[in-house]
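> Before we start, here is the structure in question, set down as structure tokens.
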Amino acid sequence: MPTSRTPSLLVAVAVLSCGLLWSGVNAYDVPTWWLEVLPVFMALPLLCATYKNLPLTTLVYVGIFVHAWVLMVGGMYTYARVPLGFEMAEWLGLHRNPYDKVGHFFQGCVPALVAREILQRGAYVQGRKMLAFLVVCVVLAVSASYELLEWAAAMALGQGADEFLATQGDPWDTQSDMLFALIGASTSLLVFSGLHDRQMARLSKCQTPLPTSEQ
């Protein structure tokens with residue numbers, strides 16, 4: 001399976017690279033763009049470097065691809081100015097652009113799949129309930145870390161961090177961000193666990209599993 005996926009994944013890498021160029025050239029605020037798309041710059045080389053020896057499931061790669069586009073669009077417009085967000089606000093009768101909540105939903109959904117795959121394939125945890133619990137804990141830790149990063153950016157950049165924070169005057173923005181990450185993780189576990197298990201089973205038949213923890 002890994003070899004058969006290689007052409008598709010190479011196309012995905014090329015598309016993401018073009019997306020980075022497109023969003024960077026058209027960025028509303030360049031410093032904000034760098035802050036928002038930094039995870040994409042970190043993830044792409046890592047995924048390419050580990051593909052041969054430790055390939056992930058197709059589901060995880062697709063999730064990362066979609067999440068990357070969410071980040072690139074948010075970085076290009078800044079989250080408070082994404083056109084889709086204005087349309088969503090009109091549909092839902094909201095007073096603010098909710099595109100940042102889409103980003104935080106994916107910040108929960110995709111890392112949940114990544115954490116689940118690492119924990120399960122590496123046999124780091126026993127039992128489905130404990131697996132789900134730890135996955136949610138990892139997602140909340142990631143979300144909290146991101147909020148701390150936003151706080152650090154606000155302290156370092158002052159008013160210049162407003163585009164990155166995208167609070168839009170909401171005093172509960174940090175809490176709602178973490179809530180949407182939790183919703184994303186829970187949705188991921190409820191909707192994709194079966195498919196994820198099947199893909200991991202197929203992958204294990206043709207690839208060495210992730211290193212297991214010591215007994």
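Ligands are numbered from 1 in the order shown, chains are lettered A, B, ... in the order of the structure tokens, and residues start at 1 in each chain.
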Stretch 8-215 of chain A: which residues are alpha helix (DSSP H) by DSSP, as an NGL selection string?
:A and (8-25 or 30-50 or 58-77 or 83-92 or 99-121 or 128-157 or 162-165 or 173-206)
> Just give me the gap between atom CA of A:Pro31 and atom CA of A:Ser143 in Å, one decimal is fine.
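Atom-to-atom, atom CA of A:Pro31 to atom CA of A:Ser143, that is 21.3 Å.
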> Do a neighbour search on stretch 123-135 of chain A at 12 Å with only C-alpha atoms, toss out local chain neighbours closer than 4 positions, and write the hits as an mmCIF file with N, CA, C and O atoms, in the first residue's frame.

data_model
loop_
_atom_site.group_PDB
_atom_site.id
_atom_site.type_symbol
_atom_site.label_atom_id
_atom_site.label_comp_id
_atom_site.auth_asym_id
_atom_site.auth_seq_id
_atom_site.Cartn_x
_atom_site.Cartn_y
_atom_site.Cartn_z
ATOM 1 N N GLY A 108 -8.279 19.939 16.602
ATOM 2 C CA GLY A 108 -8.629 18.795 17.429
ATOM 3 C C GLY A 108 -8.785 17.524 16.624
ATOM 4 O O GLY A 108 -8.300 16.457 17.015
ATOM 5 N N CYS A 109 -9.430 17.629 15.470
ATOM 6 C CA CYS A 109 -9.758 16.455 14.658
ATOM 7 C C CYS A 109 -8.518 15.738 14.137
ATOM 8 O O CYS A 109 -8.377 14.520 14.290
ATOM 9 N N VAL A 110 -7.610 16.466 13.518
ATOM 10 C CA VAL A 110 -6.450 15.839 12.877
ATOM 11 C C VAL A 110 -5.402 15.364 13.880
ATOM 12 O O VAL A 110 -4.943 14.218 13.798
ATOM 13 N N PRO A 111 -4.993 16.174 14.858
ATOM 14 C CA PRO A 111 -4.064 15.650 15.864
ATOM 15 C C PRO A 111 -4.608 14.445 16.619
ATOM 16 O O PRO A 111 -3.835 13.600 17.075
ATOM 17 N N ALA A 112 -5.929 14.339 16.743
ATOM 18 C CA ALA A 112 -6.514 13.164 17.388
ATOM 19 C C ALA A 112 -6.193 11.903 16.594
ATOM 20 O O ALA A 112 -5.852 10.858 17.174
ATOM 21 N N LEU A 113 -6.299 11.985 15.273
ATOM 22 C CA LEU A 113 -5.979 10.823 14.438
ATOM 23 C C LEU A 113 -4.491 10.487 14.509
ATOM 24 O O LEU A 113 -4.114 9.316 14.582
ATOM 25 N N VAL A 114 -3.652 11.522 14.488
ATOM 26 C CA VAL A 114 -2.210 11.293 14.573
ATOM 27 C C VAL A 114 -1.843 10.645 15.903
ATOM 28 O O VAL A 114 -1.110 9.648 15.952
ATOM 29 N N ALA A 115 -2.362 11.191 16.991
ATOM 30 C CA ALA A 115 -2.076 10.634 18.318
ATOM 31 C C ALA A 115 -2.607 9.213 18.442
ATOM 32 O O ALA A 115 -1.933 8.329 18.986
ATOM 33 N N ARG A 116 -3.801 8.983 17.920
ATOM 34 C CA ARG A 116 -4.395 7.641 17.990
ATOM 35 C C ARG A 116 -3.542 6.624 17.251
ATOM 36 O O ARG A 116 -3.331 5.508 17.716
ATOM 37 N N GLU A 117 -3.037 7.024 16.085
ATOM 38 C CA GLU A 117 -2.227 6.099 15.295
ATOM 39 C C GLU A 117 -0.900 5.784 15.982
ATOM 40 O O GLU A 117 -0.474 4.629 16.033
ATOM 41 N N ILE A 118 -0.254 6.800 16.506
ATOM 42 C CA ILE A 118 1.022 6.575 17.187
ATOM 43 C C ILE A 118 0.834 5.697 18.416
ATOM 44 O O ILE A 118 1.582 4.732 18.637
ATOM 45 N N LEU A 119 -0.171 5.994 19.214
ATOM 46 C CA LEU A 119 -0.410 5.227 20.439
ATOM 47 C C LEU A 119 -0.818 3.784 20.142
ATOM 48 O O LEU A 119 -0.368 2.850 20.815
ATOM 49 N N VAL A 139 -4.859 16.023 22.575
ATOM 50 C CA VAL A 139 -5.443 17.129 21.811
ATOM 51 C C VAL A 139 -5.594 18.371 22.675
ATOM 52 O O VAL A 139 -5.269 19.485 22.251
ATOM 53 N N LEU A 140 -6.087 18.201 23.897
ATOM 54 C CA LEU A 140 -6.246 19.352 24.782
ATOM 55 C C LEU A 140 -4.893 19.953 25.149
ATOM 56 O O LEU A 140 -4.770 21.172 25.313
ATOM 57 N N ALA A 141 -3.878 19.106 25.284
ATOM 58 C CA ALA A 141 -2.527 19.610 25.549
ATOM 59 C C ALA A 141 -2.015 20.423 24.368
ATOM 60 O O ALA A 141 -1.406 21.490 24.550
ATOM 61 N N VAL A 142 -2.251 19.931 23.152
ATOM 62 C CA VAL A 142 -1.846 20.668 21.947
ATOM 63 C C VAL A 142 -2.579 22.003 21.878
ATOM 64 O O VAL A 142 -1.988 23.051 21.587
ATOM 65 N N ALA A 181 -11.608 22.510 19.748
ATOM 66 C CA ALA A 181 -10.616 21.446 19.587
ATOM 67 C C ALA A 181 -11.114 20.157 20.216
ATOM 68 O O ALA A 181 -10.934 19.065 19.657
ATOM 69 N N LEU A 182 -11.749 20.258 21.370
ATOM 70 C CA LEU A 182 -12.328 19.083 22.020
ATOM 71 C C LEU A 182 -13.440 18.475 21.171
ATOM 72 O O LEU A 182 -13.525 17.247 21.016
ATOM 73 N N GLY A 184 -13.684 18.718 17.949
ATOM 74 C CA GLY A 184 -13.025 18.097 16.793
ATOM 75 C C GLY A 184 -12.454 16.735 17.132
ATOM 76 O O GLY A 184 -12.599 15.777 16.354
ATOM 77 N N ALA A 185 -11.800 16.626 18.286
ATOM 78 C CA ALA A 185 -11.229 15.335 18.698
ATOM 79 C C ALA A 185 -12.318 14.302 18.917
ATOM 80 O O ALA A 185 -12.197 13.144 18.490
ATOM 81 N N SER A 186 -13.391 14.706 19.585
ATOM 82 C CA SER A 186 -14.491 13.773 19.856
ATOM 83 C C SER A 186 -15.152 13.319 18.561
ATOM 84 O O SER A 186 -15.462 12.134 18.389
ATOM 85 N N THR A 187 -15.355 14.260 17.637
ATOM 86 C CA THR A 187 -15.944 13.914 16.341
ATOM 87 C C THR A 187 -15.050 12.942 15.588
ATOM 88 O O THR A 187 -15.537 11.969 14.989
ATOM 89 N N SER A 188 -13.760 13.198 15.613
ATOM 90 C CA SER A 188 -12.807 12.325 14.933
ATOM 91 C C SER A 188 -12.879 10.902 15.470
ATOM 92 O O SER A 188 -12.911 9.931 14.704
ATOM 93 N N LEU A 189 -12.911 10.777 16.795
ATOM 94 C CA LEU A 189 -12.963 9.445 17.408
ATOM 95 C C LEU A 189 -14.273 8.739 17.098
ATOM 96 O O LEU A 189 -14.288 7.527 16.821
ATOM 97 N N LEU A 190 -15.366 9.465 17.123
ATOM 98 C CA LEU A 190 -16.673 8.846 16.906
ATOM 99 C C LEU A 190 -16.897 8.460 15.447
ATOM 100 O O LEU A 190 -17.488 7.412 15.159
ATOM 101 N N SER A 193 -12.957 6.236 13.789
ATOM 102 C CA SER A 193 -12.201 5.164 14.452
ATOM 103 C C SER A 193 -12.255 3.845 13.685
ATOM 104 O O SER A 193 -11.245 3.148 13.538
ATOM 105 N N GLY A 194 -13.441 3.471 13.186
ATOM 106 C CA GLY A 194 -13.574 2.213 12.454
ATOM 107 C C GLY A 194 -12.724 2.197 11.195
ATOM 108 O O GLY A 194 -11.980 1.242 10.936
ATOM 109 N N ASP A 197 -9.018 2.110 12.074
ATOM 110 C CA ASP A 197 -8.574 0.771 12.484
ATOM 111 C C ASP A 197 -8.332 -0.127 11.275
ATOM 112 O O ASP A 197 -7.340 -0.867 11.219
ATOM 113 N N PRO A 209 5.618 -2.290 11.984
ATOM 114 C CA PRO A 209 4.880 -1.391 12.870
ATOM 115 C C PRO A 209 5.800 -0.422 13.569
ATOM 116 O O PRO A 209 7.018 -0.578 13.593
ATOM 117 N N LEU A 210 5.196 0.617 14.146
ATOM 118 C CA LEU A 210 5.962 1.582 14.897
ATOM 119 C C LEU A 210 6.647 0.902 16.074
ATOM 120 O O LEU A 210 6.144 -0.084 16.605
ATOM 121 N N PRO A 211 7.824 1.369 16.500
ATOM 122 C CA PRO A 211 8.514 0.756 17.623
ATOM 123 C C PRO A 211 7.622 0.697 18.853
ATOM 124 O O PRO A 211 6.953 1.661 19.184
ATOM 125 N N THR A 212 7.581 -0.444 19.507
ATOM 126 C CA THR A 212 6.727 -0.619 20.672
ATOM 127 C C THR A 212 7.447 -0.168 21.928
ATOM 128 O O THR A 212 8.674 -0.124 21.984
ATOM 129 N N SER A 213 6.665 0.133 22.924
ATOM 130 C CA SER A 213 7.241 0.528 24.215
ATOM 131 C C SER A 213 7.822 -0.685 24.900
ATOM 132 O O SER A 213 7.404 -1.829 24.672
ATOM 133 N N GLU A 214 8.791 -0.453 25.778
ATOM 134 C CA GLU A 214 9.411 -1.557 26.489
ATOM 135 C C GLU A 214 8.443 -2.126 27.514
ATOM 136 O O GLU A 214 7.699 -1.388 28.163
ATOM 137 N N GLN A 215 8.457 -3.408 27.653
ATOM 138 C CA GLN A 215 7.585 -4.078 28.611
ATOM 139 C C GLN A 215 8.254 -4.097 29.971
ATOM 140 O O GLN A 215 9.437 -4.218 30.066
#
> Per residue of stretch 27-58 of chain A within 9 Å of stretch 67-80 of chain A, record the nearest atom pair and its distance in Å to one decimal, counting only C-alpha atoms, with rows in chain order and ascending residue number, as CSV.

residue,atom,partner,partner_atom,distance
A:Ala27,CA,A:Met76,CA,4.2
A:Tyr28,CA,A:Tyr77,CA,5.4
A:Asp29,CA,A:Thr78,CA,7.3
A:Val30,CA,A:Met76,CA,8.1
A:Thr32,CA,A:Gly75,CA,6.4
A:Trp33,CA,A:Gly75,CA,4.3
A:Trp34,CA,A:Gly75,CA,7.4
A:Leu35,CA,A:Gly75,CA,7.8
A:Glu36,CA,A:Gly75,CA,5.1
A:Val37,CA,A:Met72,CA,5.8
A:Pro39,CA,A:Ala68,CA,8.1
A:Val40,CA,A:Ala68,CA,6.0
> Mind dumping the selected residues with N, CA and C atoms as a PDB file, in the first residue's frame?

ATOM      1  N   ALA A  27      -0.747  37.210   0.920  1.00  0.00           N
ATOM      2  CA  ALA A  27      -1.017  37.367   2.348  1.00  0.00           C
ATOM      3  C   ALA A  27      -1.413  38.799   2.698  1.00  0.00           C
ATOM      4  N   TYR A  28      -2.470  38.951   3.494  1.00  0.00           N
ATOM      5  CA  TYR A  28      -2.906  40.270   3.964  1.00  0.00           C
ATOM      6  C   TYR A  28      -1.892  40.851   4.931  1.00  0.00           C
ATOM      7  N   ASP A  29      -1.346  40.012   5.800  1.00  0.00           N
ATOM      8  CA  ASP A  29      -0.370  40.452   6.785  1.00  0.00           C
ATOM      9  C   ASP A  29       0.723  39.386   6.859  1.00  0.00           C
ATOM     10  N   VAL A  30       1.899  39.698   6.350  1.00  0.00           N
ATOM     11  CA  VAL A  30       2.956  38.691   6.203  1.00  0.00           C
ATOM     12  C   VAL A  30       3.399  38.087   7.528  1.00  0.00           C
ATOM     13  N   THR A  32       1.705  37.638  10.240  1.00  0.00           N
ATOM     14  CA  THR A  32       0.629  36.729  10.659  1.00  0.00           C
ATOM     15  C   THR A  32       0.634  35.468   9.813  1.00  0.00           C
ATOM     16  N   TRP A  33       0.868  35.632   8.513  1.00  0.00           N
ATOM     17  CA  TRP A  33       0.925  34.454   7.630  1.00  0.00           C
ATOM     18  C   TRP A  33       1.988  33.475   8.103  1.00  0.00           C
ATOM     19  N   TRP A  34       3.167  33.975   8.446  1.00  0.00           N
ATOM     20  CA  TRP A  34       4.228  33.094   8.917  1.00  0.00           C
ATOM     21  C   TRP A  34       3.815  32.357  10.184  1.00  0.00           C
ATOM     22  N   LEU A  35       3.188  33.065  11.096  1.00  0.00           N
ATOM     23  CA  LEU A  35       2.758  32.432  12.346  1.00  0.00           C
ATOM     24  C   LEU A  35       1.700  31.362  12.091  1.00  0.00           C
ATOM     25  N   GLU A  36       0.784  31.630  11.166  1.00  0.00           N
ATOM     26  CA  GLU A  36      -0.316  30.695  10.931  1.00  0.00           C
ATOM     27  C   GLU A  36       0.107  29.452  10.149  1.00  0.00           C
ATOM     28  N   VAL A  37       1.018  29.608   9.186  1.00  0.00           N
ATOM     29  CA  VAL A  37       1.372  28.469   8.326  1.00  0.00           C
ATOM     30  C   VAL A  37       2.628  27.748   8.800  1.00  0.00           C
ATOM     31  N   PRO A  39       3.068  25.566  11.117  1.00  0.00           N
ATOM     32  CA  PRO A  39       2.887  24.120  11.248  1.00  0.00           C
ATOM     33  C   PRO A  39       3.005  23.365   9.924  1.00  0.00           C
ATOM     34  N   VAL A  40       2.595  24.002   8.830  1.00  0.00           N
ATOM     35  CA  VAL A  40       2.700  23.344   7.517  1.00  0.00           C
ATOM     36  C   VAL A  40       4.164  23.190   7.127  1.00  0.00           C
TER      37      VAL A  40
END
> Just the residues within 12 Å of A:Gln175, please, counting only C-alpha atoms, with nothing from its chain fewer than 2 positions along; format it as JSON, numbers by chain.
{"A": [101, 104, 140, 143, 144, 147, 167, 170, 171, 172, 173, 177, 178, 179, 180, 181, 182]}
> So how far away is atom CA of A:Leu9 from atom CA of A:Ser145, in Å?
29.2 Å
> Take atom CA of A:Leu44 and atom CA of A:Val102 and report the distance between them in Å, one decimal.
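Computing it gives 21.3 Å between the two atoms.
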> Give the answer as one residue: which of A:Asp100, A:Gln199, A:Gly24, A:Met155 has the shortest atom-to-atom distance to A:Ser176, using only C-alpha atoms?
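Among the listed residues, A:Asp100 lies closest to A:Ser176.
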